[in-house]
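Heads up, start.txt below (compact mmCIF, C-alpha atoms and all ligand atoms):
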# COMPACT_ATOMS: atom_id res chain seq x y z
CA MET T 1 37.40 85.23 154.62
CA THR T 2 35.69 81.87 154.28
CA LYS T 3 37.99 78.84 154.38
CA GLU T 4 35.59 76.78 152.30
CA ALA T 5 36.61 75.59 148.88
CA LYS T 6 34.54 76.85 145.93
CA ILE T 7 34.18 74.81 142.78
CA TYR T 8 33.13 75.72 139.24
CA GLY T 9 32.42 73.78 136.08
CA ASN T 10 33.33 70.16 135.57
CA TRP T 11 34.86 69.47 138.95
CA GLU T 12 35.45 65.84 139.92
CA ASP T 13 36.90 64.52 143.18
CA LEU T 14 39.59 62.28 141.76
CA PRO T 15 41.21 59.45 143.73
CA ALA T 16 44.51 60.08 145.52
CA SER T 17 45.77 56.68 144.38
CA ALA T 18 45.77 54.70 141.14
CA GLY T 19 42.78 52.47 142.09
CA GLY T 20 40.42 51.99 139.15
CA THR T 21 42.65 53.83 136.71
CA ILE T 22 45.06 52.71 133.98
CA SER T 23 47.58 54.96 135.66
CA HIS T 24 47.94 57.88 138.03
CA SER T 25 50.93 60.24 138.01
CA ARG T 26 52.01 63.18 140.11
CA MET T 27 54.79 65.75 139.98
CA GLU T 28 55.59 68.70 142.20
CA THR T 29 57.43 71.77 141.02
CA ASP T 30 57.62 75.51 141.57
CA SER T 31 56.01 78.38 139.68
CA ARG T 32 59.07 80.63 140.03
CA GLN T 33 61.26 77.94 138.53
CA LEU T 34 58.87 77.49 135.64
CA ALA T 35 58.68 81.23 135.03
CA GLU T 36 62.42 81.78 135.30
CA TYR T 37 63.34 78.89 133.02
CA TRP T 38 60.38 79.11 130.67
CA ARG T 39 61.34 76.06 128.64
CA ARG T 40 60.61 73.94 131.69
CA CYS T 41 56.92 74.43 130.84
CA SER T 42 57.22 72.82 127.43
CA LEU T 43 59.73 70.28 128.67
CA SER T 44 57.36 69.12 131.43
CA SER T 45 54.41 69.06 129.02
CA ASP T 46 56.32 67.09 126.39
CA PHE T 47 57.60 64.65 128.99
CA TRP T 48 54.18 63.91 130.47
CA ALA T 49 52.56 63.82 127.03
CA ARG T 50 55.00 61.19 125.80
CA TYR T 51 54.91 59.29 129.10
CA THR T 52 51.11 59.19 129.05
CA ALA T 53 50.81 58.35 125.36
CA LEU T 54 52.66 55.07 125.97
CA SER T 55 49.42 53.85 127.58
CA SER T 56 47.50 54.37 124.32
CA PRO T 57 47.08 50.60 123.62
CA GLU T 58 45.15 50.34 126.90
CA PHE T 59 42.45 52.80 125.87
CA SER T 60 39.16 51.26 124.93
CA VAL T 61 36.99 53.34 122.60
CA GLY T 62 36.10 50.78 119.93
CA ARG T 63 39.03 51.57 117.65
CA PRO T 64 42.82 51.75 117.93
CA VAL T 65 44.08 55.05 119.34
CA ARG T 66 47.19 56.49 117.70
CA ARG T 67 49.98 57.11 120.16
CA ASP T 68 51.37 60.08 118.24
CA ALA T 69 47.94 61.74 118.20
CA VAL T 70 47.61 61.32 121.98
CA GLU T 71 51.10 62.68 122.47
CA SER T 72 50.62 65.80 120.37
CA THR T 73 47.21 66.62 121.86
CA LEU T 74 48.49 66.23 125.41
CA SER T 75 51.64 68.18 124.72
CA TYR T 76 49.47 71.11 123.65
CA LEU T 77 46.96 70.74 126.49
CA LEU T 78 49.56 70.32 129.24
CA ASN T 79 51.67 73.18 127.95
CA GLU T 80 48.66 75.45 128.36
CA LEU T 81 48.17 74.25 131.94
CA PHE T 82 51.85 74.52 132.92
CA GLU T 83 52.30 77.94 131.28
CA ASN T 84 49.29 79.30 133.13
CA THR T 85 50.73 78.21 136.48
CA ALA T 86 53.99 79.97 135.55
CA LYS T 87 52.29 83.16 134.31
CA PHE T 88 49.58 83.65 136.89
CA SER T 89 50.90 82.36 140.24
CA GLY T 90 51.28 84.94 142.98
CA GLY T 91 51.55 85.37 146.73
CA PRO T 92 53.81 83.55 149.17
CA VAL T 93 53.25 79.95 147.99
CA ALA T 94 55.08 78.91 144.82
CA ALA T 95 54.29 75.17 144.85
CA VAL T 96 52.83 73.73 141.65
CA VAL T 97 51.43 70.20 141.52
CA TYR T 98 50.64 68.23 138.37
CA GLU T 99 48.47 65.11 138.50
CA SER T 100 46.91 62.86 135.89
CA TRP T 101 44.42 60.01 135.88
CA LEU T 102 43.94 57.72 132.89
CA PHE T 103 40.73 55.77 132.49
CA PRO T 104 39.85 53.39 129.62
CA ASP T 105 37.91 56.07 127.70
CA ARG T 106 38.96 59.39 129.19
CA MET T 107 41.79 61.27 130.88
CA ALA T 108 41.81 63.85 133.66
CA PHE T 109 44.61 66.28 134.40
CA GLN T 110 44.90 68.63 137.33
CA VAL T 111 47.37 71.41 138.05
CA THR T 112 47.48 73.33 141.30
CA ASN T 113 49.07 76.71 141.88
CA HIS T 114 48.50 79.65 144.24
CA ILE T 115 47.29 83.21 143.82
CA GLU T 116 46.80 86.30 145.97
CA PRO T 117 43.21 86.63 147.26
CA ALA T 118 42.75 89.90 145.36
CA ARG T 119 43.12 88.00 142.08
CA ARG T 120 40.32 85.58 142.74
CA ASP T 121 37.27 87.59 141.71
CA GLY T 122 38.66 88.50 138.30
CA PHE T 123 39.55 84.88 137.59
CA VAL T 124 36.13 83.65 138.75
CA GLN T 125 34.43 86.18 136.48
CA LEU T 126 36.45 84.89 133.56
CA ILE T 127 35.61 81.28 134.45
CA GLU T 128 31.91 82.07 134.59
CA GLU T 129 32.08 83.68 131.16
CA LEU T 130 33.98 80.65 129.86
CA LEU T 131 31.49 78.14 131.28
CA GLY T 132 28.34 80.10 130.54
CA ASN T 133 28.79 80.68 126.81
CA ASP T 134 29.10 78.73 123.61
CA PRO T 135 32.89 78.20 123.11
CA ASP T 136 32.75 78.90 119.36
CA GLU T 137 30.90 82.19 119.79
CA LEU T 138 33.07 83.29 122.70
CA TYR T 139 36.21 82.42 120.74
CA PHE T 140 35.33 84.71 117.85
CA LYS T 141 34.16 87.45 120.21
CA ARG T 142 37.55 87.32 121.96
CA LEU T 143 39.42 87.36 118.67
CA GLU T 144 37.66 90.58 117.73
CA GLU T 145 38.27 92.12 121.15
CA ASN T 146 41.95 91.21 121.02
CA ALA T 147 42.32 92.85 117.63
CA GLU T 148 40.90 96.07 119.09
CA THR T 149 42.81 96.14 122.37
CA ASP T 150 46.38 95.44 123.40
CA GLN T 151 46.08 92.95 126.27
CA LYS T 152 48.87 90.81 127.71
CA GLY T 153 47.39 87.30 127.51
CA SER T 154 45.17 86.53 124.56
CA GLY T 155 42.68 84.75 126.86
CA LEU T 156 42.27 82.06 124.22
CA GLY T 157 44.11 79.20 125.92
CA TYR T 158 41.27 77.38 127.70
CA LEU T 159 38.79 78.43 125.06
CA THR T 160 40.77 76.90 122.19
CA LEU T 161 41.00 73.60 124.08
CA MET T 162 37.24 73.64 124.70
CA LYS T 163 36.51 74.47 121.09
CA ASP T 164 38.94 72.14 119.32
CA TYR T 165 39.19 69.14 121.68
CA LYS T 166 35.97 69.39 123.69
CA VAL T 167 38.07 69.67 126.84
CA ARG T 168 35.86 70.24 129.88
CA PHE T 169 37.35 72.35 132.65
CA GLY T 170 36.75 72.38 136.37
CA PHE T 171 38.14 74.86 138.88
CA ARG T 172 38.51 74.90 142.65
CA PHE T 173 39.59 77.76 144.89
CA THR T 174 40.74 76.92 148.43
CA PRO T 175 42.05 79.54 150.87
CA VAL T 176 45.12 77.82 152.34
CA ALA T 177 47.01 80.47 154.27
CA GLU T 178 47.07 84.20 154.92
CA GLY T 179 47.42 85.85 151.52
CA SER T 180 47.21 82.64 149.50
CA ILE T 181 44.51 80.77 147.63
CA ALA T 182 45.14 77.37 146.04
CA VAL T 183 43.78 77.16 142.50
CA ASP T 184 43.16 73.70 141.06
CA VAL T 185 42.44 73.52 137.35
CA GLN T 186 41.10 70.24 136.00
CA ALA T 187 41.02 69.36 132.31
CA HIS T 188 38.90 66.39 131.27
CA ILE T 189 39.23 64.93 127.79
CA HIS T 190 37.54 61.96 126.13
CA VAL T 191 39.87 59.66 124.23
CA LYS T 192 37.38 59.67 121.34
CA GLU T 193 38.03 63.41 120.84
CA ILE T 194 41.65 62.59 119.88
N1 LIG X 1 46.46 78.60 136.83
C1 LIG X 1 45.97 79.86 136.89
N2 LIG X 1 46.11 80.61 138.01
C2 LIG X 1 45.62 81.86 138.06
N3 LIG X 1 44.96 82.46 137.05
C3 LIG X 1 44.78 81.77 135.92
C4 LIG X 1 45.27 80.43 135.78
N4 LIG X 1 44.93 79.98 134.57
C5 LIG X 1 44.28 80.98 133.97
N5 LIG X 1 44.17 82.06 134.75
C6 LIG X 1 43.45 83.31 134.41
O1 LIG X 1 42.53 83.00 133.38
C7 LIG X 1 42.81 83.74 132.19
C8 LIG X 1 42.53 82.88 130.96
O2 LIG X 1 43.53 81.88 130.80
P1 LIG X 1 43.83 81.37 129.33
O3 LIG X 1 44.89 80.33 129.39
O4 LIG X 1 42.56 80.98 128.68
O5 LIG X 1 44.38 82.67 128.58
P2 LIG X 1 45.82 83.40 128.68
O6 LIG X 1 46.81 82.50 129.37
O7 LIG X 1 45.59 84.75 129.26
O8 LIG X 1 46.21 83.57 127.18
P3 LIG X 1 46.83 82.43 126.21
O9 LIG X 1 46.65 81.11 126.91
O10 LIG X 1 45.99 82.53 124.99
O11 LIG X 1 48.23 82.81 126.03
C9 LIG X 1 44.24 84.22 132.35
O12 LIG X 1 44.46 85.42 131.65
C10 LIG X 1 44.36 84.40 133.86
O13 LIG X 1 43.84 85.64 134.26
MG MG X 2 47.01 80.46 128.87
Do you think you could lay out the structure here as structure tokens?
Ligand SMILES: Nc1ncnc2c1ncn2[C@@H]1O[C@H](COP(=O)(O)OP(=O)(O)OP(=O)(O)O)[C@@H](O)[C@H]1O
Ligand SMILES: [Mg+2]
Amino acid sequence: MTKEAKIYGNWEDLPASAGGTISHSRMETDSRQLAEYWRRCSLSSDFWARYTALSSPEFSVGRPVRRDAVESTLSYLLNELFENTAKFSGGPVAAVVYESWLFPDRMAFQVTNHIEPARRDGFVQLIEELLGNDPDELYFKRLEENAETDQKGSGLGYLTLMKDYKVRFGFRFTPVAEGSIAVDVQAHIHVKEI
């Protein structure tokens, strides 16, 4: 198997330090812990949403940015990212990393988890469908499909964020060890969309 990383969508190589940003944060946790104590997903999301929203006065988009609006948007966005790491991690590596970068007019969030190699192709197919279609059309197509079938996940998480908040997603797959692929999901959001 190739050891090269593959990227899709709005991927950006973000700095490992805070240079040039309003702030940079990082947290490491564990997908099994998140899955076993499910409320840790919402707790982590709410914590980082509130923590991040305190920087709202530093945003610069030509108008004041309401802190409570930033907090509620991020709480929703981050919960989706954390829950996905809890639901879909697999293989021998359980590490989950959360990182955020705040810029004057935009924010970038990245979560990393690991999957079994056999899961990659299905996920990539889904990503290509997500990136290659109009979010509004795909959303309603999925709604209809979900009404007809009885799937586990609704598959509307990323799509809803794209549709309602113009979130742009980037994905990276890196084979890290035998039986394990690191998945990095990036979510980019413009402050003006809040
Ligand atoms: N972090 C991840 N690691 C591995 N697979 C993922 C990850 N995030 C998403 N996926 C895959 O992409 C699919 C779409 O994710 P999405 O969040 O849009 O929907 P969902 O989680 O299935 O449903 P919902 O979010 O509506 O409850 C998932 O069903 C899963 O197969
Ligand atoms: Mg989801």
Report as a compact mmCIF listing (two decimals) with C-alpha atoms, keeping the file's coordinate frame all protein, DNA and RNA residues lying within 8 Å of Leu102 (chain T), evaluated on all atoms listed in the file, omitting residues in the same chain fewer than 4 positions from it.
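See part.txt below for the written result:
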# COMPACT_ATOMS: atom_id res chain seq x y z
CA THR T 21 42.65 53.83 136.71
CA ILE T 22 45.06 52.71 133.98
CA SER T 23 47.58 54.96 135.66
CA HIS T 24 47.94 57.88 138.03
CA ARG T 106 38.96 59.39 129.19
CA MET T 107 41.79 61.27 130.88
CA ALA T 108 41.81 63.85 133.66
(request) Pick out the residues sitting within 9 Å of region 9-13 of chain T, and hand them over as a list in words; count only C-alpha atoms, and ignore anything fewer than 6 positions along from it in its own chain. (result) Ile127, Glu128, Leu131, Arg168, Phe169, Gly170, Phe171, Arg172, Val185, Gln186, Ala187 and His188 of chain T
Identify the residues within 8 Å of coordinate (48.7, 56.5, 119.2) (same frame as the file), considering only C-alpha atoms, and give the answer as a compact mmCIF listing (two decimals) with C-alpha atoms, keeping the file's coordinate frame.
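Here's the written file out.txt:
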# COMPACT_ATOMS: atom_id res chain seq x y z
CA ALA T 53 50.81 58.35 125.36
CA LEU T 54 52.66 55.07 125.97
CA SER T 56 47.50 54.37 124.32
CA PRO T 57 47.08 50.60 123.62
CA PRO T 64 42.82 51.75 117.93
CA VAL T 65 44.08 55.05 119.34
CA ARG T 66 47.19 56.49 117.70
CA ARG T 67 49.98 57.11 120.16
CA ASP T 68 51.37 60.08 118.24
CA ALA T 69 47.94 61.74 118.20
CA VAL T 70 47.61 61.32 121.98
CA GLU T 71 51.10 62.68 122.47
(message) Could you list the protein, DNA and RNA residues that have any atom within 10 Å of ligand LIG 1 (chain X), counting all atoms listed in the file, and write them as a PyMOL selection string?
(response) chain T and resi 31+79-90+96+111-116+119-120+122-127+130+151-162+171+173+181-186
(message) At a cut-off of 10 Å, using only C-alpha atoms, what residues contact Ser25 (chain T)? Leave out same-chain residues fewer than 3 positions from it and give the result as number ranges by chain.
(response) T: 16-18, 48, 51-52, 98-102, 109
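Between CA of Ser72 (chain T) and CA of Gly132 (chain T) lies a distance of 28.4 Å.
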(request) Tell me, in Å to one decimal, how far CA of Ala95 (chain T) is from CA of Asp30 (chain T). (result) 4.7 Å
(request) Could you please determine the separation between CA of Asn146 (chain T) and CA of Tyr76 (chain T) in Å, to one decimal place? (result) 21.6 Å
Incomplete region 36-56 of chain T filled out to N, CA and C atoms as a compact mmCIF listing (two decimals), keeping the file's coordinate frame:
# COMPACT_ATOMS: atom_id res chain seq x y z
N GLU T 36 61.05 81.34 135.53
CA GLU T 36 62.42 81.78 135.30
C GLU T 36 63.07 81.02 134.15
N TYR T 37 62.81 79.72 134.11
CA TYR T 37 63.34 78.89 133.02
C TYR T 37 62.14 78.40 132.23
N TRP T 38 61.67 79.29 131.35
CA TRP T 38 60.38 79.11 130.67
C TRP T 38 60.27 77.78 129.94
N ARG T 39 61.41 77.31 129.42
CA ARG T 39 61.34 76.06 128.64
C ARG T 39 60.97 74.86 129.50
N ARG T 40 61.05 75.03 130.82
CA ARG T 40 60.61 73.94 131.69
C ARG T 40 59.11 73.66 131.53
N CYS T 41 58.36 74.66 131.09
CA CYS T 41 56.92 74.43 130.84
C CYS T 41 56.75 73.44 129.70
N SER T 42 57.40 73.72 128.58
CA SER T 42 57.22 72.82 127.43
C SER T 42 57.91 71.48 127.66
N LEU T 43 59.03 71.53 128.37
CA LEU T 43 59.73 70.28 128.67
C LEU T 43 58.86 69.35 129.53
N SER T 44 58.23 69.92 130.56
CA SER T 44 57.36 69.12 131.43
C SER T 44 56.16 68.60 130.65
N SER T 45 55.58 69.46 129.81
CA SER T 45 54.41 69.06 129.02
C SER T 45 54.78 67.95 128.06
N ASP T 46 55.91 68.11 127.37
CA ASP T 46 56.32 67.09 126.39
C ASP T 46 56.64 65.77 127.08
N PHE T 47 57.27 65.86 128.24
CA PHE T 47 57.60 64.65 128.99
C PHE T 47 56.33 63.88 129.37
N TRP T 48 55.39 64.59 130.00
CA TRP T 48 54.18 63.91 130.47
C TRP T 48 53.30 63.47 129.31
N ALA T 49 53.35 64.21 128.20
CA ALA T 49 52.56 63.82 127.03
C ALA T 49 53.09 62.50 126.48
N ARG T 50 54.41 62.42 126.35
CA ARG T 50 55.00 61.19 125.80
C ARG T 50 54.82 60.03 126.77
N TYR T 51 55.05 60.31 128.05
CA TYR T 51 54.91 59.29 129.10
C TYR T 51 53.49 58.72 129.08
N THR T 52 52.51 59.59 129.01
CA THR T 52 51.11 59.19 129.05
C THR T 52 50.70 58.46 127.78
N ALA T 53 51.21 58.94 126.65
CA ALA T 53 50.81 58.35 125.36
C ALA T 53 51.24 56.89 125.24
N LEU T 54 52.23 56.47 126.01
CA LEU T 54 52.66 55.07 125.97
C LEU T 54 51.54 54.14 126.42
N SER T 55 50.57 54.66 127.15
CA SER T 55 49.42 53.85 127.58
C SER T 55 48.35 53.72 126.51
N SER T 56 48.56 54.33 125.35
CA SER T 56 47.50 54.37 124.32
C SER T 56 46.89 53.00 123.99
